[in-house]
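Asks: Below is the file data_32.tsv, with TSV, C-alpha atoms.
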chain	number	residue	atom	x	y	z
Y	1	ASP	CA	0.74	49.11	-191.61
Y	2	GLY	CA	0.39	52.90	-191.81
Y	3	SER	CA	0.12	52.91	-195.60
Y	4	PHE	CA	-2.94	54.99	-196.37
Y	5	ASP	CA	-3.64	58.72	-196.02
Y	6	LEU	CA	-7.37	58.06	-196.24
Y	7	VAL	CA	-9.43	54.97	-195.47
Y	8	VAL	CA	-13.08	55.19	-196.54
Y	9	SER	CA	-15.99	52.86	-195.95
Y	10	ILE	CA	-19.42	53.97	-197.04
Y	11	PHE	CA	-22.01	51.45	-195.82
Y	12	GLY	CA	-19.51	48.60	-196.13
Y	13	ALA	CA	-17.27	47.88	-193.13
Y	14	MET	CA	-20.30	48.22	-190.88
Y	15	PHE	CA	-21.45	44.82	-192.20
Y	16	ALA	CA	-18.20	43.00	-191.39
Y	17	PRO	CA	-18.21	40.68	-188.38
Y	18	ARG	CA	-16.16	41.50	-185.26
Y	19	PRO	CA	-16.53	45.30	-185.28
Y	20	GLU	CA	-13.73	45.87	-182.76
Y	21	ASP	CA	-11.34	44.14	-185.15
Y	22	VAL	CA	-12.67	46.28	-188.01
Y	23	ALA	CA	-11.82	49.47	-186.09
Y	24	LYS	CA	-8.35	48.14	-185.19
Y	25	GLU	CA	-7.61	47.19	-188.80
Y	26	MET	CA	-8.76	50.54	-190.15
Y	27	VAL	CA	-6.51	52.31	-187.64
Y	28	ARG	CA	-3.62	49.91	-188.38
Y	29	VAL	CA	-3.58	50.61	-192.12
Y	30	THR	CA	-3.96	54.41	-191.78
Y	31	ARG	CA	-0.73	56.41	-191.55
Y	32	PRO	CA	-0.22	58.79	-188.62
Y	33	GLY	CA	-1.94	62.05	-189.58
Y	34	GLY	CA	-4.28	60.21	-191.94
Y	35	ARG	CA	-8.06	59.95	-191.74
Y	36	ILE	CA	-10.70	57.28	-191.58
Y	37	VAL	CA	-14.13	58.25	-192.88
Y	38	MET	CA	-17.14	55.99	-192.52
Y	39	GLY	CA	-20.76	56.32	-193.55
Y	40	ASN	CA	-22.98	54.13	-191.35
Y	41	TRP	CA	-26.72	53.64	-191.23
Y	42	ILE	CA	-28.39	54.72	-187.98
Y	43	PRO	CA	-30.59	52.30	-186.01
Y	44	ASN	CA	-34.25	53.24	-185.56
Y	45	ASP	CA	-33.89	56.20	-187.91
Y	46	PRO	CA	-37.22	56.96	-189.61
Y	47	THR	CA	-35.63	57.21	-193.07
Y	48	LEU	CA	-35.40	54.48	-195.66
Y	49	VAL	CA	-32.51	52.16	-194.88
Y	50	ALA	CA	-33.12	51.75	-191.14
Y	51	GLN	CA	-36.78	51.02	-191.91
Y	52	LEU	CA	-35.83	48.65	-194.75
Y	53	LEU	CA	-33.55	46.71	-192.41
Y	54	LYS	CA	-36.26	46.62	-189.75
Y	55	VAL	CA	-38.78	45.17	-192.21
Y	56	SER	CA	-36.22	42.74	-193.64
Y	57	SER	CA	-35.29	41.43	-190.18
Y	58	ALA	CA	-38.94	40.63	-189.46
Y	59	TYR	CA	-38.88	38.13	-192.35
Y	60	SER	CA	-35.42	36.71	-191.68
Y	61	PRO	CA	-34.43	33.95	-189.27
Y	62	PRO	CA	-32.87	35.08	-186.01
Y	63	PRO	CA	-29.17	35.92	-186.28
Y	64	PRO	CA	-26.60	33.42	-185.01
Y	65	GLU	CA	-25.36	33.57	-181.45
Y	66	GLY	CA	-22.71	36.26	-181.01
Y	67	PHE	CA	-24.01	38.32	-183.95
Y	68	VAL	CA	-23.40	42.06	-183.56
Y	69	SER	CA	-25.84	44.22	-185.52
Y	70	PRO	CA	-24.17	46.34	-188.21
Y	71	MET	CA	-26.51	49.14	-187.14
Y	72	THR	CA	-24.43	49.60	-183.96
Y	73	TRP	CA	-21.94	51.48	-186.19
Y	74	GLY	CA	-24.60	54.21	-186.31
Y	75	VAL	CA	-24.47	54.76	-182.54
Y	76	GLU	CA	-21.92	57.43	-181.60
Y	77	GLU	CA	-21.07	56.01	-178.15
Y	78	THR	CA	-20.44	52.56	-179.63
Y	79	VAL	CA	-18.22	53.96	-182.40
Y	80	LEU	CA	-16.25	55.93	-179.79
Y	81	GLU	CA	-15.67	52.73	-177.78
Y	82	ARG	CA	-14.46	50.87	-180.87
Y	83	PHE	CA	-11.99	53.50	-182.04
Y	84	THR	CA	-10.71	54.46	-178.58
Y	85	GLY	CA	-10.25	50.72	-178.02
Y	86	ALA	CA	-8.11	50.78	-181.18
Y	87	GLY	CA	-5.92	53.48	-179.65
Y	88	VAL	CA	-7.45	56.68	-181.05
Y	89	PRO	CA	-8.02	59.50	-178.54
Y	90	GLU	CA	-11.70	60.41	-178.19
Y	91	ASP	CA	-11.09	64.04	-179.23
Y	92	ARG	CA	-9.89	62.80	-182.65
Y	93	ILE	CA	-13.26	61.18	-183.46
Y	94	SER	CA	-16.12	63.29	-184.79
Y	95	PHE	CA	-19.65	62.68	-186.02
Y	96	GLU	CA	-22.04	64.37	-188.39
Y	97	ARG	CA	-25.47	63.31	-189.57
Y	98	ASP	CA	-25.76	63.46	-193.32
Y	99	THR	CA	-28.19	62.36	-196.01
Y	100	PHE	CA	-27.78	60.09	-198.99
Y	101	THR	CA	-30.60	60.36	-201.52
Y	102	PHE	CA	-31.52	57.36	-203.64
Y	103	GLU	CA	-32.33	58.83	-207.07
Y	104	LEU	CA	-33.78	56.74	-209.86
Y	105	PRO	CA	-35.62	57.83	-213.04
Y	106	GLU	CA	-38.09	55.00	-212.40
Y	107	PRO	CA	-40.85	54.37	-209.83
Y	108	PRO	CA	-40.02	53.30	-206.26
Y	109	SER	CA	-40.97	49.69	-207.06
Y	110	GLU	CA	-37.91	49.53	-209.32
Y	111	LEU	CA	-35.67	50.59	-206.42
Y	112	VAL	CA	-37.25	47.81	-204.36
Y	113	ALA	CA	-36.28	45.40	-207.16
Y	114	ARG	CA	-32.66	46.63	-207.05
Y	115	PHE	CA	-32.50	46.10	-203.29
Y	116	ARG	CA	-34.10	42.67	-203.71
Y	117	ASP	CA	-31.51	41.64	-206.30
Y	118	TYR	CA	-28.35	43.29	-204.95
Y	119	TYR	CA	-28.54	44.24	-201.24
Y	120	GLY	CA	-27.59	41.35	-198.98
Y	121	PRO	CA	-30.03	41.94	-196.09
Y	122	THR	CA	-32.95	42.33	-198.51
Y	123	MET	CA	-31.84	39.33	-200.58
Y	124	ASN	CA	-31.72	37.22	-197.39
Y	125	ALA	CA	-35.15	38.46	-196.29
Y	126	PHE	CA	-36.68	37.51	-199.64
Y	127	ALA	CA	-35.09	34.06	-199.51
Y	128	ALA	CA	-36.50	33.49	-196.02
Y	129	ALA	CA	-39.90	34.94	-196.98
Y	130	ALA	CA	-40.05	32.67	-200.04
Y	131	ALA	CA	-39.33	29.63	-197.87
Y	132	ASP	CA	-42.25	30.66	-195.62
Y	133	GLY	CA	-44.59	31.50	-198.50
Y	134	ARG	CA	-44.50	35.19	-197.52
Y	135	GLU	CA	-42.59	36.61	-200.48
Y	136	ASP	CA	-45.58	38.60	-201.82
Y	137	GLU	CA	-46.23	40.01	-198.33
Y	138	LEU	CA	-42.62	41.24	-198.06
Y	139	GLN	CA	-42.73	42.69	-201.58
Y	140	ALA	CA	-45.92	44.61	-200.79
Y	141	GLU	CA	-44.58	45.89	-197.46
Y	142	LEU	CA	-41.37	47.15	-199.07
Y	143	GLU	CA	-43.17	48.74	-202.01
Y	144	GLU	CA	-45.41	50.59	-199.53
Y	145	LEU	CA	-42.36	51.71	-197.51
Y	146	PHE	CA	-40.48	52.96	-200.57
Y	147	ALA	CA	-43.54	54.75	-201.97
Y	148	SER	CA	-44.22	56.43	-198.61
Y	149	GLN	CA	-40.63	57.71	-198.41
Y	150	ASN	CA	-40.48	58.91	-202.02
Y	151	THR	CA	-40.22	62.68	-202.24
Y	152	SER	CA	-40.31	62.88	-206.05
Y	153	SER	CA	-43.18	64.86	-207.54
Y	154	SER	CA	-43.45	62.28	-210.34
Y	155	ASP	CA	-44.90	58.78	-209.99
Y	156	ASP	CA	-42.29	57.65	-212.52
Y	157	ALA	CA	-39.25	58.81	-210.54
Y	158	THR	CA	-37.73	58.03	-207.17
Y	159	SER	CA	-36.02	60.37	-204.75
Y	160	ILE	CA	-35.71	58.88	-201.28
Y	161	PRO	CA	-33.49	60.49	-198.62
Y	162	ALA	CA	-31.78	58.28	-196.05
Y	163	THR	CA	-29.95	59.65	-193.03
Y	164	PHE	CA	-26.57	58.22	-192.05
Y	165	LEU	CA	-23.84	58.91	-189.52
Y	166	ARG	CA	-20.60	60.23	-190.98
Y	167	VAL	CA	-17.69	59.23	-188.74
Y	168	THR	CA	-14.32	60.96	-189.14
Y	169	VAL	CA	-11.30	59.62	-187.28
Y	170	GLN	CA	-8.00	61.55	-187.27
Y	171	VAL	CA	-5.25	58.98	-186.73
Any chance you could put this one into C-alpha cells?

Replies:
Amino acid sequence: DGSFDLVVSIFGAMFAPRPEDVAKEMVRVTRPGGRIVMGNWIPNDPTLVAQLLKVSSAYSPPPPEGFVSPMTWGVEETVLERFTGAGVPEDRISFERDTFTFELPEPPSELVARFRDYYGPTMNAFAAAAADGREDELQAELEELFASQNTSSSDDATSIPATFLRVTVQV
C-alpha cells in the first residue's frame, strides 16, 4: 500500500480483466502525492492499433460474457469513472493524446509478422483464422493495413504512427 512514487502502464493494464479493480489497485499501491501514468489505445481511432484490433476481432470468436473491451481505457469519461470510483478527485485526472511510432528498418510485412508472433490479440486472431481456413485472408488484410499506414519513404522501412490516450492521475 502506498509504496510507489510512480506507477506506469503503457498498453498493459488496459488488457487486464476487471478494469475497476485495476484502477483501485493502481491507486492503492501509489503513495499520496505520487502519480499514475497510463498509455491506452483509443477505440475507433483511424491509426494503426485501433484498426489492427478491429480487423483482428473480425476473425476472432465472440468474447465471453462479461468481457469488458480493453479499448474502453481509451475513453476519457470511462477512465474518469474508474479512477473517481477508486477515490481520486476528478480534477486530479488529466488526458493528452499522444503518438507512438512503430519504427522498423524492414518492410511493413515484417511488423505484421512481429504482431502475429508476439501480440496477444493478433496471435488469437490468427489462431481463429487458421481454424476457419482464413489465415491467408487475415494476413493479406493486415499487410494491406500496415502498408497503407506506413509513412516511410522507403519500401524497405516501416514508420507507422499510432495515437494513444495518455492518462495522468495525481494521487

Asks: Can you pull out every residue within 7 Å of Phe95 in chain Y, counting only C-alpha atoms, but drop anything in the same chain fewer than 3 positions away, and send it as number ranges by chain?

Replies: Y: 165-168

Asks: Looking at Y:Thr47, Y:Val22, Y:Val68, Y:Ser60, which one is nearest to Ala131 in chain Y, with distances taken over only C-alpha atoms?

Replies: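 Looking only at the distances to Ala131 in chain Y, the closest residue turns out to be Y:Ser60.
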
Asks: Considering all atoms listed in the file, state which residue in the set Y:Met123, Y:Ala23, Y:Leu48, Y:Ala58 is at the smallest distance from Thr78 in chain Y.

Replies: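 Among the listed residues, the smallest separation from Thr78 in chain Y belongs to Y:Ala23.
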
Asks: Using all atoms listed in the file, can you tell me which of Y:Leu80, Y:Ala157, Y:Val29, Y:Ala130 comes closest to Val169 in chain Y?

Replies: Y:Leu80

Asks: List every protein, DNA or RNA residue with an atom no more than 12 Å from (-24.2, 55.6, -183.2) in the file's coordinates, counting all atoms listed in the file, and format the result as a VMD selection string.

Replies: chain Y and resid 14 38 to 45 69 to 82 94 to 97 164 to 167

Asks: Rounded to one decimal place, report the CA of Thr84 in chain Y-CA of Phe11 in chain Y distance in Å.

Replies: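 So the two atoms, CA of Thr84 in chain Y and CA of Phe11 in chain Y, lie 20.8 Å apart.
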
Asks: Between CA of Phe102 in chain Y and CA of Ala127 in chain Y, what is the spacing in Å?

Replies: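 Between these atoms lies a distance of 23.9 Å.
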
Asks: Find the residue from Y:Leu6, Y:Val37, Y:Leu111, Y:Ala16 that sits nearest to Leu142 in chain Y; use all atoms listed in the file when measuring.

Replies: Y:Leu111

Asks: For CA of Leu53 in chain Y and CA of Arg18 in chain Y, quote the distance in Å rounded to one decimal.

Replies: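 Between CA of Leu53 in chain Y and CA of Arg18 in chain Y the gap works out to 19.5 Å.
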
Asks: With all atoms listed in the file as the basis for distance, which of Y:Gln170, Y:Thr30, Y:Thr151, Y:Ser56 is at the shortest distance from Leu104 in chain Y?

Replies: Y:Thr151

Asks: Check the smallest atom-to-atom distance from each of Y:Pro32, Y:Pro64, Y:Pro105, Y:Gly12 to Gly87 in chain Y using only C-alpha atoms, then report the winner.

Replies: Y:Pro32

Asks: Excluding Ser152 in chain Y and its own-chain neighbours fewer than 2 positions away, which residues fall within 10 Å of it when counting all atoms listed in the file? Please give them as a tab-separated table (two decimals) with C-alpha atoms, keeping the file's coordinate frame.

Replies:
chain	number	residue	atom	x	y	z
Y	103	GLU	CA	-32.33	58.83	-207.07
Y	104	LEU	CA	-33.78	56.74	-209.86
Y	105	PRO	CA	-35.62	57.83	-213.04
Y	107	PRO	CA	-40.85	54.37	-209.83
Y	108	PRO	CA	-40.02	53.30	-206.26
Y	147	ALA	CA	-43.54	54.75	-201.97
Y	149	GLN	CA	-40.63	57.71	-198.41
Y	150	ASN	CA	-40.48	58.91	-202.02
Y	154	SER	CA	-43.45	62.28	-210.34
Y	155	ASP	CA	-44.90	58.78	-209.99
Y	156	ASP	CA	-42.29	57.65	-212.52
Y	157	ALA	CA	-39.25	58.81	-210.54
Y	158	THR	CA	-37.73	58.03	-207.17
Y	159	SER	CA	-36.02	60.37	-204.75
Y	160	ILE	CA	-35.71	58.88	-201.28

Asks: Compute the distance from (-7.7, 46.4, -179.1) to each atom, counting all atoms listed in the file, keep the residues with any atom at most 7 Å away, and return them as a PyMOL selection string; use the coordinates of the file.

Replies: chain Y and resi 24+85-86

Asks: So that I can see what lies close to Ala125 in chain Y, please list as a PyMOL selection string the residues with an atom at most 9 Å from it, counting all atoms listed in the file and leaving out residues fewer than 6 positions away in the same chain.

Replies: chain Y and resi 55-61+116+135+138

Asks: Any chance you could model all heavy atoms for range 151-162 of chain Y and send them as a compact mmCIF listing (two decimals), keeping the file's coordinate frame?

Replies:
# COMPACT_ATOMS: atom_id res chain seq x y z
N THR Y 151 -39.94 61.25 -202.24
CA THR Y 151 -40.22 62.68 -202.24
C THR Y 151 -40.32 63.25 -203.67
O THR Y 151 -40.51 64.46 -203.83
CB THR Y 151 -39.14 63.47 -201.47
OG1 THR Y 151 -37.87 63.25 -202.08
CG2 THR Y 151 -39.10 63.04 -200.00
N SER Y 152 -40.21 62.40 -204.67
CA SER Y 152 -40.31 62.88 -206.05
C SER Y 152 -41.74 63.34 -206.34
O SER Y 152 -42.71 62.75 -205.86
CB SER Y 152 -39.93 61.75 -207.01
OG SER Y 152 -40.15 62.15 -208.34
N SER Y 153 -41.86 64.36 -207.15
CA SER Y 153 -43.18 64.86 -207.54
C SER Y 153 -43.78 64.03 -208.68
O SER Y 153 -44.94 64.18 -209.02
CB SER Y 153 -43.09 66.33 -207.95
OG SER Y 153 -42.18 66.48 -209.02
N SER Y 154 -43.00 63.12 -209.24
CA SER Y 154 -43.45 62.28 -210.34
C SER Y 154 -43.63 60.84 -209.86
O SER Y 154 -42.79 60.32 -209.13
CB SER Y 154 -42.43 62.32 -211.47
OG SER Y 154 -42.70 61.33 -212.43
N ASP Y 155 -44.69 60.19 -210.32
CA ASP Y 155 -44.90 58.78 -209.99
C ASP Y 155 -43.90 57.89 -210.71
O ASP Y 155 -43.75 56.72 -210.37
CB ASP Y 155 -46.32 58.35 -210.37
CG ASP Y 155 -47.38 59.00 -209.49
OD1 ASP Y 155 -47.04 59.43 -208.37
OD2 ASP Y 155 -48.54 59.06 -209.94
N ASP Y 156 -43.24 58.43 -211.72
CA ASP Y 156 -42.29 57.65 -212.52
C ASP Y 156 -40.84 57.91 -212.15
O ASP Y 156 -39.93 57.56 -212.90
CB ASP Y 156 -42.48 57.98 -214.02
CG ASP Y 156 -43.85 57.54 -214.52
OD1 ASP Y 156 -44.36 56.50 -214.03
OD2 ASP Y 156 -44.40 58.24 -215.39
N ALA Y 157 -40.61 58.53 -210.99
CA ALA Y 157 -39.25 58.81 -210.54
C ALA Y 157 -39.17 58.57 -209.04
O ALA Y 157 -40.17 58.62 -208.33
CB ALA Y 157 -38.85 60.23 -210.87
N THR Y 158 -37.95 58.30 -208.59
CA THR Y 158 -37.73 58.03 -207.17
C THR Y 158 -36.67 58.97 -206.63
O THR Y 158 -35.61 59.15 -207.24
CB THR Y 158 -37.26 56.56 -206.99
OG1 THR Y 158 -38.25 55.70 -207.53
CG2 THR Y 158 -37.03 56.24 -205.52
N SER Y 159 -36.97 59.55 -205.49
CA SER Y 159 -36.02 60.37 -204.75
C SER Y 159 -36.30 60.12 -203.27
O SER Y 159 -37.29 60.63 -202.72
CB SER Y 159 -36.20 61.85 -205.09
OG SER Y 159 -35.27 62.63 -204.38
N ILE Y 160 -35.47 59.29 -202.66
CA ILE Y 160 -35.71 58.88 -201.28
C ILE Y 160 -34.47 59.21 -200.44
O ILE Y 160 -33.41 58.61 -200.61
CB ILE Y 160 -36.03 57.39 -201.17
CG1 ILE Y 160 -37.26 57.04 -202.02
CG2 ILE Y 160 -36.27 57.01 -199.71
CD1 ILE Y 160 -37.61 55.56 -202.03
N PRO Y 161 -34.61 60.16 -199.51
CA PRO Y 161 -33.49 60.49 -198.62
C PRO Y 161 -33.32 59.44 -197.52
O PRO Y 161 -34.30 58.87 -197.04
CB PRO Y 161 -33.88 61.84 -198.04
CG PRO Y 161 -35.37 61.89 -198.11
CD PRO Y 161 -35.76 61.02 -199.28
N ALA Y 162 -32.09 59.21 -197.15
CA ALA Y 162 -31.78 58.28 -196.05
C ALA Y 162 -30.67 58.90 -195.21
O ALA Y 162 -29.61 59.25 -195.73
CB ALA Y 162 -31.34 56.93 -196.60
